[in-house]
Every structure is written in C-alpha cells, then in structure tokens.
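Content type mmCIF, C-alpha atoms, from the file final.cif:
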```cif
data_data
#
loop_
_atom_site.label_atom_id
_atom_site.label_comp_id
_atom_site.auth_asym_id
_atom_site.auth_seq_id
_atom_site.Cartn_x
_atom_site.Cartn_y
_atom_site.Cartn_z
CA MET A 1 -36.64 -175.32 -137.33
CA ILE A 2 -33.42 -173.44 -136.67
CA THR A 3 -33.34 -170.70 -134.04
CA ASN A 4 -30.41 -168.31 -133.60
CA ASP A 5 -29.91 -165.28 -131.36
CA PHE A 6 -27.95 -162.27 -132.56
CA ILE A 7 -26.79 -159.06 -130.92
CA ILE A 8 -27.35 -156.08 -133.21
CA LEU A 9 -23.86 -154.73 -133.89
CA ALA A 10 -24.98 -151.68 -135.88
CA SER A 11 -25.14 -148.68 -133.56
CA GLN A 12 -28.23 -147.34 -135.34
CA GLY A 13 -30.05 -150.66 -135.08
CA ILE A 14 -32.14 -151.96 -137.96
CA HIS A 15 -33.51 -149.10 -140.04
CA ALA A 16 -34.76 -148.99 -143.63
CA ARG A 17 -31.50 -149.83 -145.45
CA PRO A 18 -30.61 -152.98 -143.48
CA ALA A 19 -34.27 -154.03 -143.43
CA THR A 20 -34.37 -153.87 -147.24
CA THR A 21 -31.12 -155.83 -147.51
CA LEU A 22 -32.44 -158.48 -145.14
CA ILE A 23 -35.70 -158.86 -147.08
CA ARG A 24 -33.80 -159.27 -150.35
CA LEU A 25 -31.60 -161.91 -148.73
CA VAL A 26 -34.55 -163.87 -147.33
CA LYS A 27 -36.34 -163.87 -150.71
CA ASN A 28 -33.52 -166.08 -152.07
CA PHE A 29 -34.73 -168.98 -149.92
CA LYS A 30 -37.90 -171.07 -149.79
CA SER A 31 -37.87 -171.31 -145.99
CA ALA A 32 -40.13 -169.20 -143.81
CA VAL A 33 -38.03 -166.74 -141.82
CA SER A 34 -39.22 -164.77 -138.80
CA LEU A 35 -37.59 -162.23 -136.54
CA LYS A 36 -38.37 -161.99 -132.83
CA ARG A 37 -37.65 -159.20 -130.36
CA GLY A 38 -39.04 -159.61 -126.88
CA ASP A 39 -42.47 -161.18 -127.18
CA LYS A 40 -43.20 -159.92 -130.70
CA THR A 41 -42.46 -162.07 -133.77
CA VAL A 42 -42.80 -160.93 -137.40
CA ARG A 43 -42.23 -162.55 -140.78
CA LEU A 44 -39.28 -161.20 -142.77
CA ASN A 45 -41.30 -160.43 -145.87
CA SER A 46 -42.08 -156.76 -145.28
CA MET A 47 -40.00 -153.76 -144.31
CA LEU A 48 -42.88 -152.50 -142.17
CA ASN A 49 -42.86 -155.77 -140.23
CA ILE A 50 -39.18 -155.37 -139.45
CA LEU A 51 -39.38 -151.66 -138.65
CA SER A 52 -42.34 -152.29 -136.33
CA LEU A 53 -39.95 -154.11 -133.98
CA THR A 54 -37.91 -150.88 -133.50
CA ILE A 55 -34.66 -152.82 -133.05
CA LYS A 56 -31.86 -150.71 -131.61
CA GLY A 57 -28.12 -151.29 -131.54
CA GLY A 58 -26.97 -153.63 -128.78
CA GLU A 59 -30.31 -155.42 -128.50
CA THR A 60 -30.69 -159.17 -128.99
CA VAL A 61 -33.04 -160.60 -131.62
CA THR A 62 -33.95 -164.17 -132.45
CA VAL A 63 -34.17 -165.47 -136.02
CA LEU A 64 -36.41 -168.46 -136.69
CA VAL A 65 -35.95 -170.36 -139.97
CA GLU A 66 -38.12 -173.27 -141.06
CA GLY A 67 -38.28 -175.00 -144.44
CA GLU A 68 -36.52 -177.18 -146.94
CA ASP A 69 -33.43 -174.97 -147.25
CA GLU A 70 -33.33 -173.80 -143.63
CA ILE A 71 -29.67 -174.67 -143.08
CA GLU A 72 -28.48 -172.56 -146.01
CA ALA A 73 -30.88 -169.74 -145.12
CA ALA A 74 -29.76 -169.72 -141.47
CA GLN A 75 -26.10 -169.56 -142.51
CA ALA A 76 -26.70 -166.64 -144.90
CA ILE A 77 -28.79 -164.74 -142.35
CA GLY A 78 -26.17 -165.40 -139.68
CA LEU A 79 -23.53 -163.88 -141.93
CA PHE A 80 -25.76 -160.85 -142.46
CA PHE A 81 -26.12 -160.22 -138.72
CA THR A 82 -22.49 -160.93 -137.78
CA GLU A 83 -20.62 -159.34 -140.71
CA GLN A 84 -22.76 -157.20 -143.02
CA LEU A 85 -25.19 -155.35 -140.73
CA LYS A 86 -22.54 -153.24 -139.02
CA ASP A 87 -21.52 -151.77 -142.41
CA LEU A 88 -25.02 -150.69 -143.52
#
```

Written as structure tokens, how would this file's structure read?
Amino acid sequence: MITNDFIILASQGIHARPATTLIRLVKNFKSAVSLKRGDKTVRLNSMLNILSLTIKGGETVTVLVEGEDEIEAAQAIGLFFTEQLKDL
C-alpha cells in the first residue's frame, strides 16, 4: 500500500469538475484508491463519495493506493494533485 499526503492547491477545493477528473483517472488503474480527510475515508469510485468530504483549498488529504499497479497509480494521482488540480 502506498500512502501520500497532498495539500489542496486549488482555492475552491475539490468540487464537481476535479472530482470527475479524478474518478476518470482512477478508473485507468486496477488498484483500489481511497481518499482520506480527517477521520473519514472514501473510495474514489463515486463523485458523491468525494464531495461528501467537503475538501477546501489549503487542506491536507491522504491518498491510499493498494493493488497490482499501485506505483503507477500513485504517480498519476500525485501528478493530478500537484499539477492539474490547480487548473480545474
């Protein structure tokens, strides 16, 4: 299992557009991917799951990736949080 923490760089946090982009990204991998904020953890397979976390800009989230392609998945998700999210 790979665990990474990310600070949300988008000032509006994670709303519908980035949530949809993140779900599409995760579907490219076989690994199970979860997102954690505080003490709540959700699977990244539903926009409602992600939106239920109400993630705001500047907050820290943890991404948990586990599966046969976890290294590749973690790298792609890391790129999403560090480079792509701020532009959505």

Please identify all polymer residues within 7 Å of Ile23 of chain A, counting all atoms listed in the file, omitting same-chain residues fewer than 5 positions from it, and present them as a PDB file with C-alpha atoms, in the coordinates of the input.
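Below is the file that was written, selection.pdb:
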```pdb
ATOM      1  CA  LEU A  44     -39.280-161.200-142.770  1.00  0.00           C
ATOM      2  CA  ASN A  45     -41.300-160.430-145.870  1.00  0.00           C
ATOM      3  CA  SER A  46     -42.080-156.760-145.280  1.00  0.00           C
TER       4      SER A  46
END
```

Expansion of the PyMOL selection byres ((chain A and resi 36) around 8) into residues, as a PyMOL selection string: chain A and resi 34-35+37-42+61-64

Which residue of A:Thr21, A:Asn4, A:Ser11, A:Ser31 approaches Gly67 of chain A most closely, using all atoms listed in the file: A:Ser31

Residue members of the PyMOL selection byres ((chain A and resi 14) around 12) in the file shown, as number ranges by chain: A: 7-13, 15-23, 35, 37, 47-61, 80-81, 84-88

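Taking atom CA of Val33 of chain A and atom CA of Glu70 of chain A as the two end points, the separation is 8.7 Å.
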
Selection under test: the PyMOL selection byres ((chain A and resi 75) around 12); residues as a PyMOL selection string: chain A and resi 2-4+25-26+29+63-65+69-74+76-83

Using all atoms of segment 69-87 of chain A that appear in the file, construct an axis-aligned enclosing box with 5 Å of padding on every side and provide its centre coordinates and edge lengths in Å, rounded to one decimal, as lines of an AutoDock Vina configuration file.
```
center_x = -27.0
center_y = -163.4
center_z = -142.5
size_x = 22.8
size_y = 33.2
size_z = 19.5
```
